[in-house]
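Text of query.csv (CSV, C-alpha atoms and all ligand atoms) as supplied:
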```csv
chain,number,residue,atom,x,y,z
L,17,MET,CA,28.3,42.8,-88.2
L,18,ALA,CA,26.1,42.0,-85.2
L,19,ALA,CA,24.0,38.8,-85.6
L,20,LYS,CA,20.4,39.5,-86.7
L,21,LYS,CA,18.0,39.2,-83.8
L,22,LYS,CA,15.2,36.6,-84.0
L,23,THR,CA,11.7,37.9,-83.6
L,24,LEU,CA,9.3,36.7,-80.9
L,25,ASN,CA,5.7,37.5,-81.9
L,26,VAL,CA,3.7,38.1,-78.8
L,27,GLY,CA,-0.1,37.6,-78.5
L,28,MET,CA,-1.4,39.4,-75.5
L,29,VAL,CA,-4.7,38.2,-73.9
L,30,GLY,CA,-6.2,41.2,-72.0
L,31,TYR,CA,-5.8,44.9,-71.9
L,32,GLY,CA,-5.7,45.9,-68.2
L,33,PHE,CA,-3.1,47.1,-65.8
L,34,MET,CA,-1.0,43.9,-66.0
L,35,ALA,CA,-1.2,43.9,-69.9
L,36,ARG,CA,0.3,47.4,-69.7
L,37,ALA,CA,3.1,46.3,-67.5
L,38,HIS,CA,3.9,43.3,-69.7
L,39,SER,CA,3.6,45.3,-73.0
L,40,HIS,CA,6.0,47.9,-71.5
L,41,ALA,CA,8.5,45.1,-70.8
L,42,TRP,CA,8.2,43.6,-74.3
L,43,SER,CA,8.6,47.0,-75.8
L,44,GLU,CA,11.8,48.0,-74.1
L,45,VAL,CA,13.6,44.8,-73.4
L,46,ALA,CA,15.4,44.6,-76.8
L,47,GLN,CA,16.5,48.2,-76.5
L,48,VAL,CA,18.4,47.5,-73.3
L,49,PHE,CA,19.3,43.7,-73.1
L,50,ASP,CA,21.1,41.8,-75.7
L,51,THR,CA,19.1,38.5,-75.6
L,52,GLY,CA,19.2,37.6,-79.3
L,53,TYR,CA,15.5,38.2,-79.6
L,54,HIS,CA,13.4,41.1,-80.6
L,55,PRO,CA,9.8,40.9,-79.3
L,56,VAL,CA,7.1,42.1,-81.7
L,57,LEU,CA,3.7,43.2,-80.3
L,58,LYS,CA,1.7,41.2,-82.8
L,59,ALA,CA,-1.9,41.0,-81.6
L,60,VAL,CA,-4.1,41.6,-78.6
L,61,ALA,CA,-7.2,39.6,-77.9
L,62,ALA,CA,-10.2,40.7,-75.8
L,63,ARG,CA,-14.0,40.4,-75.9
L,64,SER,CA,-14.3,44.1,-75.9
L,65,THR,CA,-12.7,44.9,-79.2
L,66,GLY,CA,-13.2,48.7,-78.7
L,67,LYS,CA,-11.1,48.7,-75.6
L,68,ALA,CA,-8.6,46.2,-77.1
L,69,GLN,CA,-8.2,48.5,-80.2
L,70,ALA,CA,-7.5,51.5,-78.0
L,71,PHE,CA,-4.9,49.4,-76.1
L,72,ALA,CA,-3.4,48.2,-79.3
L,73,ASP,CA,-3.1,51.7,-80.7
L,74,GLN,CA,-1.5,52.9,-77.5
L,75,TRP,CA,1.1,50.1,-77.3
L,76,GLY,CA,1.6,49.5,-81.0
L,77,TYR,CA,0.0,46.0,-81.4
L,78,GLU,CA,-0.5,45.2,-85.1
L,79,ARG,CA,-4.0,43.8,-84.8
L,80,VAL,CA,-6.9,42.9,-82.5
L,81,GLU,CA,-8.8,39.7,-82.1
L,82,SER,CA,-12.2,39.3,-80.3
L,83,ASP,CA,-11.4,35.8,-79.0
L,84,TRP,CA,-8.1,34.5,-77.5
L,85,ARG,CA,-8.6,31.2,-79.5
L,86,LYS,CA,-7.7,33.2,-82.7
L,87,LEU,CA,-4.3,34.0,-81.2
L,88,ILE,CA,-3.7,30.4,-80.4
L,89,GLU,CA,-4.7,29.3,-84.0
L,90,ALA,CA,-2.6,32.1,-85.6
L,91,LYS,CA,0.5,30.9,-87.3
L,92,ASP,CA,2.3,34.2,-86.7
L,93,ILE,CA,2.1,34.1,-82.9
L,94,ASP,CA,5.0,32.5,-80.9
L,95,ALA,CA,4.1,33.3,-77.3
L,96,ILE,CA,0.8,33.8,-75.6
L,97,ASP,CA,0.9,36.2,-72.7
L,98,ILE,CA,-2.1,35.8,-70.3
L,99,CYS,CA,-3.3,39.0,-68.5
L,100,VAL,CA,-6.9,38.2,-67.7
L,101,PRO,CA,-8.6,37.3,-64.4
L,102,ASN,CA,-7.2,34.2,-62.7
L,103,ASP,CA,-10.2,32.0,-63.5
L,104,LEU,CA,-9.3,32.1,-67.2
L,105,HIS,CA,-5.6,31.3,-66.9
L,106,ALA,CA,-5.9,27.5,-67.0
L,107,GLU,CA,-8.1,27.1,-70.1
L,108,ILE,CA,-6.0,29.6,-72.2
L,109,ALA,CA,-2.6,28.3,-71.0
L,110,ILE,CA,-3.5,24.6,-71.7
L,111,ALA,CA,-4.9,25.4,-75.1
L,112,ALA,CA,-1.8,27.5,-75.9
L,113,ALA,CA,0.6,24.7,-74.8
L,114,LYS,CA,-1.3,22.1,-76.8
L,115,ALA,CA,-0.9,24.3,-79.9
L,116,GLY,CA,2.8,24.4,-79.3
L,117,LYS,CA,3.0,28.1,-78.2
L,118,MET,CA,5.2,29.4,-75.5
L,119,VAL,CA,3.0,30.4,-72.5
L,120,LEU,CA,3.5,33.2,-70.0
L,121,THR,CA,0.9,34.1,-67.4
L,122,GLU,CA,0.4,36.9,-64.9
L,123,LYS,CA,0.6,35.6,-61.3
L,124,PRO,CA,-0.8,33.6,-59.6
L,125,LEU,CA,-0.5,30.5,-61.9
L,126,ALA,CA,-4.1,29.6,-61.1
L,127,ARG,CA,-6.8,30.0,-58.4
L,128,THR,CA,-5.7,26.8,-56.7
L,129,ALA,CA,-2.9,24.2,-57.0
L,130,LYS,CA,-5.5,21.7,-58.2
L,131,GLU,CA,-6.3,24.0,-61.1
L,132,GLY,CA,-2.6,24.8,-61.7
L,133,LYS,CA,-1.4,21.2,-62.0
L,134,PRO,CA,-2.9,20.4,-65.4
L,135,MET,CA,-1.3,23.7,-66.6
L,136,VAL,CA,2.1,22.4,-65.5
L,137,ASP,CA,1.4,19.0,-67.1
L,138,ALA,CA,0.4,20.7,-70.4
L,139,VAL,CA,3.5,22.9,-70.8
L,140,GLU,CA,5.8,20.1,-69.8
L,141,LYS,CA,4.1,17.6,-72.1
L,142,ALA,CA,4.3,20.1,-75.0
L,143,GLY,CA,7.9,21.0,-74.0
L,144,VAL,CA,7.1,24.7,-74.4
L,145,PRO,CA,9.0,27.5,-72.6
L,146,ASN,CA,6.8,28.9,-69.8
L,147,MET,CA,6.9,31.5,-67.0
L,148,VAL,CA,4.8,33.1,-64.4
L,149,TRP,CA,5.3,36.9,-63.9
L,150,TYR,CA,6.3,37.1,-60.3
L,151,ASN,CA,8.1,40.4,-61.1
L,152,TYR,CA,9.4,41.4,-57.7
L,153,ARG,CA,12.2,38.8,-57.9
L,154,ARG,CA,13.7,41.0,-60.7
L,155,ILE,CA,13.9,44.2,-58.8
L,156,PRO,CA,17.7,44.6,-58.8
L,157,ALA,CA,17.9,45.0,-55.0
L,158,VAL,CA,15.8,41.8,-54.4
L,159,THR,CA,17.9,39.8,-56.9
L,160,PHE,CA,21.0,41.2,-55.1
L,161,ILE,CA,19.7,39.9,-51.7
L,162,LYS,CA,19.2,36.5,-53.3
L,163,GLN,CA,22.7,36.5,-54.7
L,164,MET,CA,24.2,37.4,-51.4
L,165,VAL,CA,22.2,34.8,-49.5
L,166,ASP,CA,23.4,32.2,-52.0
L,167,LYS,CA,27.0,33.3,-51.4
L,168,GLY,CA,26.5,32.5,-47.8
L,169,LYS,CA,26.8,36.1,-46.5
L,170,LEU,CA,24.1,35.4,-43.8
L,171,GLY,CA,25.3,31.9,-42.8
L,172,LYS,CA,22.5,30.0,-41.1
L,173,ILE,CA,19.2,31.7,-41.6
L,174,PHE,CA,16.9,32.2,-38.6
L,175,HIS,CA,14.1,34.4,-39.7
L,176,TYR,CA,12.3,35.5,-42.9
L,177,ARG,CA,9.5,38.1,-42.6
L,178,ALA,CA,7.6,39.8,-45.3
L,179,ALA,CA,4.5,42.0,-45.6
L,180,PHE,CA,2.4,43.4,-48.5
L,181,LEU,CA,0.0,46.0,-47.4
L,182,GLN,CA,-2.7,48.0,-49.3
L,183,ASP,CA,-5.8,49.9,-48.3
L,184,TRP,CA,-8.0,50.1,-51.4
L,185,THR,CA,-11.0,47.9,-50.3
L,186,ILE,CA,-11.8,49.5,-47.0
L,187,ASN,CA,-14.8,51.3,-48.4
L,188,PRO,CA,-17.7,48.7,-48.4
L,189,ASP,CA,-19.2,50.4,-51.5
L,190,VAL,CA,-16.3,49.1,-53.6
L,191,PRO,CA,-18.1,46.4,-55.7
L,192,GLN,CA,-16.9,42.8,-56.4
L,193,GLY,CA,-16.7,41.3,-59.9
L,194,GLY,CA,-16.6,43.0,-63.3
L,195,THR,CA,-13.5,44.2,-65.2
L,196,ALA,CA,-12.1,46.6,-62.6
L,197,THR,CA,-12.9,44.8,-59.4
L,198,TRP,CA,-12.7,41.1,-60.3
L,199,ARG,CA,-9.9,40.7,-57.6
L,200,LEU,CA,-12.7,40.9,-55.0
L,201,ASP,CA,-14.8,38.2,-56.6
L,202,VAL,CA,-13.8,34.8,-55.3
L,203,ASP,CA,-15.0,33.0,-58.4
L,204,ALA,CA,-12.7,35.1,-60.7
L,205,ALA,CA,-9.8,35.5,-58.3
L,206,GLY,CA,-9.8,32.3,-56.3
L,207,SER,CA,-8.8,34.2,-53.1
L,208,GLY,CA,-8.2,37.7,-51.9
L,209,VAL,CA,-5.0,39.0,-50.5
L,210,THR,CA,-3.5,35.5,-50.3
L,211,GLY,CA,-3.4,34.9,-54.0
L,212,ASP,CA,-3.0,38.5,-55.0
L,213,LEU,CA,-0.4,39.9,-52.6
L,214,LEU,CA,0.9,37.3,-50.2
L,215,ALA,CA,1.7,35.1,-53.3
L,216,HIS,CA,4.4,37.6,-54.2
L,217,CYS,CA,5.9,37.4,-50.7
L,218,VAL,CA,5.7,33.6,-50.8
L,219,ASP,CA,7.3,33.4,-54.3
L,220,THR,CA,10.2,35.6,-53.2
L,221,ALA,CA,10.6,33.7,-49.9
L,222,LEU,CA,10.7,30.3,-51.6
L,223,TRP,CA,13.3,31.7,-54.0
L,224,ILE,CA,15.6,33.5,-51.5
L,225,ASN,CA,15.2,31.3,-48.4
L,226,SER,CA,13.8,27.8,-48.8
L,227,ASP,CA,10.7,25.6,-49.2
L,228,ILE,CA,8.0,25.9,-46.6
L,229,ALA,CA,7.5,22.8,-44.5
L,230,SER,CA,4.4,23.8,-42.5
L,231,LEU,CA,2.4,26.8,-41.6
L,232,THR,CA,-0.6,28.2,-39.7
L,233,ALA,CA,-2.6,31.2,-40.7
L,234,MET,CA,-5.4,33.5,-39.6
L,235,THR,CA,-7.5,35.1,-42.3
L,236,GLU,CA,-10.3,37.6,-42.1
L,237,THR,CA,-13.0,39.1,-44.3
L,238,PHE,CA,-13.9,42.5,-42.9
L,239,VAL,CA,-16.7,43.4,-45.3
L,240,LYS,CA,-19.0,40.4,-45.6
L,241,GLU,CA,-21.3,41.5,-48.4
L,242,ARG,CA,-20.6,43.6,-51.5
L,243,LYS,CA,-22.6,44.6,-54.6
L,244,HIS,CA,-21.6,42.6,-57.7
L,245,ALA,CA,-20.5,44.9,-60.5
L,246,VAL,CA,-22.2,42.9,-63.1
L,247,THR,CA,-25.5,41.8,-61.5
L,248,GLY,CA,-25.9,44.8,-59.2
L,249,GLN,CA,-27.0,42.3,-56.4
L,250,MET,CA,-25.5,42.3,-52.9
L,251,GLN,CA,-23.6,39.0,-52.6
L,252,PRO,CA,-21.6,37.4,-49.8
L,253,VAL,CA,-17.9,38.2,-50.1
L,254,GLY,CA,-15.8,35.0,-50.5
L,255,ILE,CA,-12.3,36.4,-50.5
L,256,ASP,CA,-9.9,36.9,-47.6
L,257,ASP,CA,-9.3,40.6,-46.9
L,258,ALA,CA,-6.3,40.1,-44.7
L,259,ALA,CA,-4.0,37.2,-43.8
L,260,GLY,CA,-1.3,36.6,-41.2
L,261,VAL,CA,1.0,33.5,-41.4
L,262,LEU,CA,3.5,31.7,-39.2
L,263,ALA,CA,5.7,29.3,-41.2
L,264,ARG,CA,8.5,26.8,-40.7
L,265,PHE,CA,10.9,26.7,-43.6
L,266,GLY,CA,12.6,23.5,-44.8
L,267,ASN,CA,16.0,25.0,-43.8
L,268,GLY,CA,14.9,25.3,-40.2
L,269,SER,CA,14.2,29.1,-40.2
L,270,LEU,CA,10.9,30.7,-39.1
L,271,GLY,CA,8.7,32.8,-41.3
L,272,MET,CA,6.2,35.5,-40.6
L,273,PHE,CA,4.0,37.0,-43.4
L,274,GLU,CA,1.2,39.5,-43.4
L,275,SER,CA,-0.9,40.9,-46.2
L,276,THR,CA,-4.0,43.1,-46.2
L,277,ARG,CA,-6.0,45.5,-48.2
L,278,TYR,CA,-7.1,47.3,-45.0
L,279,ALA,CA,-3.9,49.0,-43.8
L,280,ARG,CA,-5.0,52.6,-44.1
L,281,GLY,CA,-2.3,54.7,-45.8
L,282,HIS,CA,-0.6,51.9,-47.5
L,283,LYS,CA,-0.9,51.5,-51.3
L,284,ALA,CA,1.7,48.9,-52.2
L,285,ALA,CA,3.9,48.4,-49.1
L,286,TYR,CA,6.0,45.3,-49.9
L,287,THR,CA,8.8,44.8,-47.3
L,288,LEU,CA,11.0,41.9,-46.5
L,289,GLU,CA,13.8,41.1,-44.1
L,290,ILE,CA,16.0,38.1,-43.6
L,291,ASN,CA,18.1,37.5,-40.5
L,292,GLY,CA,21.0,35.0,-40.3
L,293,GLU,CA,23.9,34.3,-38.0
L,294,HIS,CA,26.4,36.7,-39.7
L,295,GLY,CA,24.0,39.5,-40.7
L,296,SER,CA,20.7,40.7,-42.0
L,297,PHE,CA,19.2,42.1,-45.2
L,298,ALA,CA,16.1,44.3,-45.4
L,299,TRP,CA,14.2,45.8,-48.4
L,300,ASP,CA,11.3,48.1,-48.9
L,301,LEU,CA,9.5,48.5,-52.3
L,302,HIS,CA,9.0,52.2,-51.6
L,303,ASP,CA,12.8,52.7,-51.8
L,304,LEU,CA,13.3,49.9,-54.2
L,305,HIS,CA,17.0,50.4,-55.0
L,306,ARG,CA,18.1,50.3,-51.4
L,307,VAL,CA,19.1,47.2,-49.4
L,308,SER,CA,19.7,47.6,-45.7
L,309,TRP,CA,22.6,45.4,-44.6
L,310,PHE,CA,23.8,44.6,-41.1
L,311,ASP,CA,27.2,42.9,-41.0
L,312,HIS,CA,28.0,41.3,-37.7
L,313,LYS,CA,31.7,41.2,-38.6
L,314,VAL,CA,32.0,45.0,-38.2
L,315,GLU,CA,33.1,45.6,-34.7
L,316,GLY,CA,33.4,48.8,-32.5
L,317,PRO,CA,31.5,52.0,-32.9
L,318,LEU,CA,31.1,51.7,-36.7
L,319,ARG,CA,28.8,48.7,-36.2
L,320,GLY,CA,25.3,49.2,-37.4
L,321,TRP,CA,23.0,49.0,-40.4
L,322,SER,CA,24.3,50.3,-43.7
L,323,SER,CA,22.4,51.2,-46.9
L,324,ILE,CA,23.5,49.9,-50.3
L,325,HIS,CA,22.2,51.7,-53.3
L,326,VAL,CA,21.9,48.8,-55.8
L,327,THR,CA,22.6,50.8,-59.0
L,328,ASP,CA,26.2,50.1,-59.8
L,329,GLY,CA,27.4,48.3,-63.0
L,330,ASP,CA,28.2,45.1,-61.1
L,331,HIS,CA,24.7,44.9,-59.5
L,332,PRO,CA,22.1,42.7,-61.0
L,333,TYR,CA,20.7,44.0,-64.3
L,334,MET,CA,22.1,47.6,-63.7
L,335,GLY,CA,25.1,47.3,-65.9
L,336,LYS,CA,22.8,47.4,-68.9
L,337,TRP,CA,21.1,50.6,-67.8
L,338,TRP,CA,22.3,54.2,-67.4
L,339,VAL,CA,25.4,55.0,-65.4
L,340,PRO,CA,26.0,54.1,-61.7
L,341,GLY,CA,23.7,55.9,-59.3
L,342,LEU,CA,20.8,56.3,-61.7
L,343,SER,CA,17.7,54.3,-61.1
L,344,VAL,CA,15.0,52.1,-62.8
L,345,GLY,CA,11.6,51.3,-61.4
L,346,TYR,CA,8.6,48.9,-61.0
L,347,GLY,CA,8.1,48.6,-64.7
L,348,GLU,CA,11.6,47.5,-65.3
L,349,SER,CA,11.2,44.5,-63.0
L,350,PHE,CA,9.0,43.1,-65.8
L,351,THR,CA,11.6,44.1,-68.4
L,352,HIS,CA,14.2,42.1,-66.5
L,353,GLN,CA,11.9,39.1,-66.3
L,354,ALA,CA,11.3,39.4,-70.1
L,355,ALA,CA,15.0,39.6,-70.6
L,356,ASP,CA,15.6,36.4,-68.6
L,357,PHE,CA,12.8,34.7,-70.5
L,358,LEU,CA,14.3,35.6,-73.9
L,359,MET,CA,17.8,34.6,-72.7
L,360,GLY,CA,16.4,31.2,-71.6
L,361,LEU,CA,15.0,30.7,-75.1
L,362,GLY,CA,18.5,30.4,-76.5
L,363,LYS,CA,19.0,27.5,-74.1
L,364,LYS,CA,15.6,26.1,-75.1
L,365,LYS,CA,13.8,26.9,-71.8
L,366,GLY,CA,12.0,29.9,-70.4
L,367,ALA,CA,12.9,31.4,-67.1
L,368,ALA,CA,12.0,30.9,-63.4
L,369,PRO,CA,9.5,31.0,-62.0
L,370,THR,CA,8.2,28.3,-64.4
L,371,PHE,CA,4.7,27.0,-64.1
L,372,ARG,CA,6.1,24.2,-62.0
L,373,ASP,CA,7.9,26.7,-59.6
L,374,ALA,CA,4.7,28.8,-59.4
L,375,LEU,CA,2.6,25.7,-58.6
L,376,GLU,CA,4.5,25.5,-55.3
L,377,THR,CA,3.4,29.1,-54.4
L,378,ASN,CA,-0.2,28.0,-55.2
L,379,ARG,CA,0.3,25.0,-52.8
L,380,VAL,CA,1.5,27.3,-50.0
L,381,CYS,CA,-1.5,29.7,-50.7
L,382,ASP,CA,-3.9,26.8,-50.5
L,383,ALA,CA,-2.4,25.8,-47.2
L,384,ILE,CA,-2.8,29.4,-45.9
L,385,LEU,CA,-6.4,29.5,-46.8
L,386,ALA,CA,-7.1,26.0,-45.4
L,387,SER,CA,-5.4,26.9,-42.1
L,388,GLY,CA,-7.2,30.3,-42.0
L,389,LYS,CA,-10.5,28.3,-42.0
L,390,SER,CA,-9.5,25.4,-39.7
L,391,GLY,CA,-7.1,27.3,-37.4
L,392,ARG,CA,-4.8,24.3,-37.6
L,393,TRP,CA,-1.2,23.9,-38.7
L,394,VAL,CA,-0.9,22.5,-42.2
L,395,THR,CA,2.1,20.3,-43.3
L,396,LEU,CA,3.1,20.8,-46.9
L,401,LIG,C1,-3.4,44.5,-56.6
L,401,LIG,O1,-3.7,45.8,-56.4
L,401,LIG,C2,-2.0,44.5,-57.4
L,401,LIG,O2,-2.1,45.1,-58.6
L,401,LIG,C3,-1.6,43.0,-57.6
L,401,LIG,O3,-2.5,42.3,-58.4
L,401,LIG,C4,-0.2,43.0,-58.2
L,401,LIG,O4,0.3,41.7,-58.4
L,401,LIG,C5,0.8,43.7,-57.2
L,401,LIG,O5,2.1,43.8,-57.7
L,401,LIG,C6,0.3,45.2,-57.0
L,401,LIG,O6,-1.0,45.1,-56.6
```
For the structure just supplied, provide its representation as structure tokens.
Amino acid sequence: MAAKKKTLNVGMVGYGFMARAHSHAWSEVAQVFDTGYHPVLKAVAARSTGKAQAFADQWGYERVESDWRKLIEAKDIDAIDICVPNDLHAEIAIAAAKAGKMVLTEKPLARTAKEGKPMVDAVEKAGVPNMVWYNYRRIPAVTFIKQMVDKGKLGKIFHYRAAFLQDWTINPDVPQGGTATWRLDVDAAGSGVTGDLLAHCVDTALWINSDIASLTAMTETFVKERKHAVTGQMQPVGIDDAAGVLARFGNGSLGMFESTRYARGHKAAYTLEINGEHGSFAWDLHDLHRVSWFDHKVEGPLRGWSSIHVTDGDHPYMGKWWVPGLSVGYGESFTHQAADFLMGLGKKKGAAPTFRDALETNRVCDAILASGKSGRWVTL
């Protein structure tokens, strides 16, 4: 008889887009991956109990609380999953860790590294498993690139470039603040595209390539004033709308990063490419199972870029899904991350990126914003 799975009771804070992505992951992970754990959607907390109740009904949470502190006090909650604006991450995560709960938070860890450091200290002092949901690492094709780079397929790395482009804030009538547009409010978000989009590129780059030693950046705020969704008043915009970064990695390679919410036509165009002495890999979120691969060893007229469809049984995560050639999507990158977290629990740890790993991404983002202001190179 198969061993009975342990339950992991999840307390979700928030009910927005990211809470949906995480709930989807918690709901399907035990059906696909054998981690020894069975997550239970126990309770959701939000100030707006009407909206939280509708969310709970949709996803099957057993109850609703009007205050996240109730989740932290509750004996029947094992893990707190934080899906609220960035300015609330620290207080909730620190309280959860002090209460001995496992803590997971949507990215970025915090608005700044200064704010994130006590979060790292709290989870490490309490010894509780922790993780930040930088989900794009767990797209099978991206994990595949990481595995191949680790195997030395590229040899010495020369370049890493990545971009994350969107276009949803071009209209100056889009407000800042409030529940739907808090990402435009510097107080709630901490920064604009740097913490929201570029942070994904930085997390993946630190993971696949190496640490970043120094960088210089230009940032721009194209719309200088927006109405605040709560007060109705026009207010200066404090976030960066676009950022371009030149970086030197610790392994000697050069990095180029771009993110913007003003690239007309692009909704979520995350692309990355890495070039080494023996070959190159490239990936595009819009074709998320494909990895483009150039192998310098192939000589003669057959030389050129080839396209690998990362859906076979020996590709990362894919052996647990359907049959070779069939695909999974954006939502499953979160499911894979939940699976890794649950598997880590058996070994008494969570999964990467931990709070400590994600603090490094915050440090890089801080350096980008500082350089964007000063125009100077920043050494990390
Ligand atoms: C912003 O539009 C956003 O939802 C980010 O917050 C997510 O992290 C990114 O994956 C998609 O875009």
Using all atoms listed in the file, find each residue of chain L with at least one atom at most 8 Å away from an atom of ligand LIG 401 (chain L); report its shortest atom-to-atom pair and that distance in Å (one decimal), sort the rows by chain and rising residue number, and return the result as JSON lines.
```
{"residue": "L:Phe33", "atom": "CA", "partner": "L:LIG401", "partner_atom": "O2", "distance": 7.5}
{"residue": "L:Met34", "atom": "CA", "partner": "L:LIG401", "partner_atom": "O2", "distance": 7.6}
{"residue": "L:Lys123", "atom": "CA", "partner": "L:LIG401", "partner_atom": "O4", "distance": 6.8}
{"residue": "L:Tyr150", "atom": "CA", "partner": "L:LIG401", "partner_atom": "O4", "distance": 7.8}
{"residue": "L:Asn151", "atom": "CA", "partner": "L:LIG401", "partner_atom": "O5", "distance": 7.7}
{"residue": "L:Tyr152", "atom": "CA", "partner": "L:LIG401", "partner_atom": "O5", "distance": 7.7}
{"residue": "L:Gln182", "atom": "CA", "partner": "L:LIG401", "partner_atom": "O1", "distance": 7.5}
{"residue": "L:Trp184", "atom": "CA", "partner": "L:LIG401", "partner_atom": "O1", "distance": 7.9}
{"residue": "L:Arg199", "atom": "CA", "partner": "L:LIG401", "partner_atom": "C1", "distance": 7.6}
{"residue": "L:Asp212", "atom": "CA", "partner": "L:LIG401", "partner_atom": "O3", "distance": 5.1}
{"residue": "L:Leu213", "atom": "CA", "partner": "L:LIG401", "partner_atom": "C3", "distance": 6.0}
{"residue": "L:His216", "atom": "CA", "partner": "L:LIG401", "partner_atom": "O4", "distance": 7.2}
{"residue": "L:Ala284", "atom": "CA", "partner": "L:LIG401", "partner_atom": "C6", "distance": 6.2}
```
From the options L:Ser387, L:Ser275, L:Thr197, L:Thr247, which residue's atoms come nearest to L:Leu231, counting only C-alpha atoms? L:Ser387
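Here atom CA of L:Glu122 and atom CA of L:Val380 stand 17.8 Å from one another.
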Closest of L:Gly260, L:Ala179, L:His305, L:Val80 to L:Lys67 - atom-to-atom distances counting only C-alpha atoms: L:Val80
Restricting the calculation to all atoms listed in the file, which member of L:Thr220, L:Ser349, L:Thr232, L:Gln47 is positioned closest to L:Ala178? L:Thr220
Residues at most 8 Å from L:Val218, counting all atoms listed in the file, excluding those fewer than 4 positions away in the same chain, as an mmCIF file with C-alpha atoms, in the coordinates of the input?
```cif
data_model
loop_
_atom_site.group_PDB
_atom_site.id
_atom_site.type_symbol
_atom_site.label_atom_id
_atom_site.label_comp_id
_atom_site.auth_asym_id
_atom_site.auth_seq_id
_atom_site.Cartn_x
_atom_site.Cartn_y
_atom_site.Cartn_z
ATOM 1 C CA LEU L 214 0.900 37.300 -50.200
ATOM 2 C CA LEU L 222 10.700 30.300 -51.600
ATOM 3 C CA THR L 377 3.400 29.100 -54.400
ATOM 4 C CA VAL L 380 1.500 27.300 -50.000
#
```
L:Phe297 environment, 10 Å, only C-alpha atoms, sequence neighbours closer than 2 positions dropped, as a PDB file with C-alpha atoms, in the frame of the given file:
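Here's the written file result-v1.pdb:
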```
ATOM      1  CA  VAL L 158      15.800  41.800 -54.400  1.00  0.00           C
ATOM      2  CA  ILE L 161      19.700  39.900 -51.700  1.00  0.00           C
ATOM      3  CA  LYS L 162      19.200  36.500 -53.300  1.00  0.00           C
ATOM      4  CA  MET L 164      24.200  37.400 -51.400  1.00  0.00           C
ATOM      5  CA  VAL L 165      22.200  34.800 -49.500  1.00  0.00           C
ATOM      6  CA  LYS L 169      26.800  36.100 -46.500  1.00  0.00           C
ATOM      7  CA  LEU L 170      24.100  35.400 -43.800  1.00  0.00           C
ATOM      8  CA  TYR L 176      12.300  35.500 -42.900  1.00  0.00           C
ATOM      9  CA  LEU L 288      11.000  41.900 -46.500  1.00  0.00           C
ATOM     10  CA  GLU L 289      13.800  41.100 -44.100  1.00  0.00           C
ATOM     11  CA  ILE L 290      16.000  38.100 -43.600  1.00  0.00           C
ATOM     12  CA  ASN L 291      18.100  37.500 -40.500  1.00  0.00           C
ATOM     13  CA  GLY L 292      21.000  35.000 -40.300  1.00  0.00           C
ATOM     14  CA  GLY L 295      24.000  39.500 -40.700  1.00  0.00           C
ATOM     15  CA  TRP L 299      14.200  45.800 -48.400  1.00  0.00           C
ATOM     16  CA  VAL L 307      19.100  47.200 -49.400  1.00  0.00           C
ATOM     17  CA  SER L 308      19.700  47.600 -45.700  1.00  0.00           C
ATOM     18  CA  TRP L 309      22.600  45.400 -44.600  1.00  0.00           C
ATOM     19  CA  PHE L 310      23.800  44.600 -41.100  1.00  0.00           C
ATOM     20  CA  ASP L 311      27.200  42.900 -41.000  1.00  0.00           C
ATOM     21  CA  TRP L 321      23.000  49.000 -40.400  1.00  0.00           C
ATOM     22  CA  SER L 322      24.300  50.300 -43.700  1.00  0.00           C
ATOM     23  CA  SER L 323      22.400  51.200 -46.900  1.00  0.00           C
TER      24      SER L 323
END
```
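Interatomic distance, atom CA of L:Phe273 to atom CA of L:Gly345: 24.2 Å.
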Using all atoms listed in the file, which residues sit within 10 Å of L:Asp189 once same-chain residues fewer than 3 positions away are excluded, as a list in words? Thr185, Ile186, Gln192, Val239, Glu241, Arg242 and Lys243 of chain L
Sphere at (-6.6, 51.3, -45.4), radius 7 Å, counting only C-alpha atoms: residues as a ChimeraX atom specification: /L:182-184,186,277-282
At what distance in Å, to one decimal, does atom CA of L:His105 lie from atom CA of L:Met359? 24.3 Å
Can you tell me, as a PyMOL selection string, which residues sit within 10 Å of (3.4, 26.7, -62.9) in the file's frame, using only C-alpha atoms? chain L and resi 120-121+123-126+129+132-137+139-140+146-148+368-378
Take the selection from the previous step and output its residues with C-alpha atoms, as a tab-separated table (two decimals), in the coordinates of the input.
```
chain	number	residue	atom	x	y	z
L	120	LEU	CA	3.50	33.20	-70.00
L	121	THR	CA	0.90	34.10	-67.40
L	123	LYS	CA	0.60	35.60	-61.30
L	124	PRO	CA	-0.80	33.60	-59.60
L	125	LEU	CA	-0.50	30.50	-61.90
L	126	ALA	CA	-4.10	29.60	-61.10
L	129	ALA	CA	-2.90	24.20	-57.00
L	132	GLY	CA	-2.60	24.80	-61.70
L	133	LYS	CA	-1.40	21.20	-62.00
L	134	PRO	CA	-2.90	20.40	-65.40
L	135	MET	CA	-1.30	23.70	-66.60
L	136	VAL	CA	2.10	22.40	-65.50
L	137	ASP	CA	1.40	19.00	-67.10
L	139	VAL	CA	3.50	22.90	-70.80
L	140	GLU	CA	5.80	20.10	-69.80
L	146	ASN	CA	6.80	28.90	-69.80
L	147	MET	CA	6.90	31.50	-67.00
L	148	VAL	CA	4.80	33.10	-64.40
L	368	ALA	CA	12.00	30.90	-63.40
L	369	PRO	CA	9.50	31.00	-62.00
L	370	THR	CA	8.20	28.30	-64.40
L	371	PHE	CA	4.70	27.00	-64.10
L	372	ARG	CA	6.10	24.20	-62.00
L	373	ASP	CA	7.90	26.70	-59.60
L	374	ALA	CA	4.70	28.80	-59.40
L	375	LEU	CA	2.60	25.70	-58.60
L	376	GLU	CA	4.50	25.50	-55.30
L	377	THR	CA	3.40	29.10	-54.40
L	378	ASN	CA	-0.20	28.00	-55.20
```
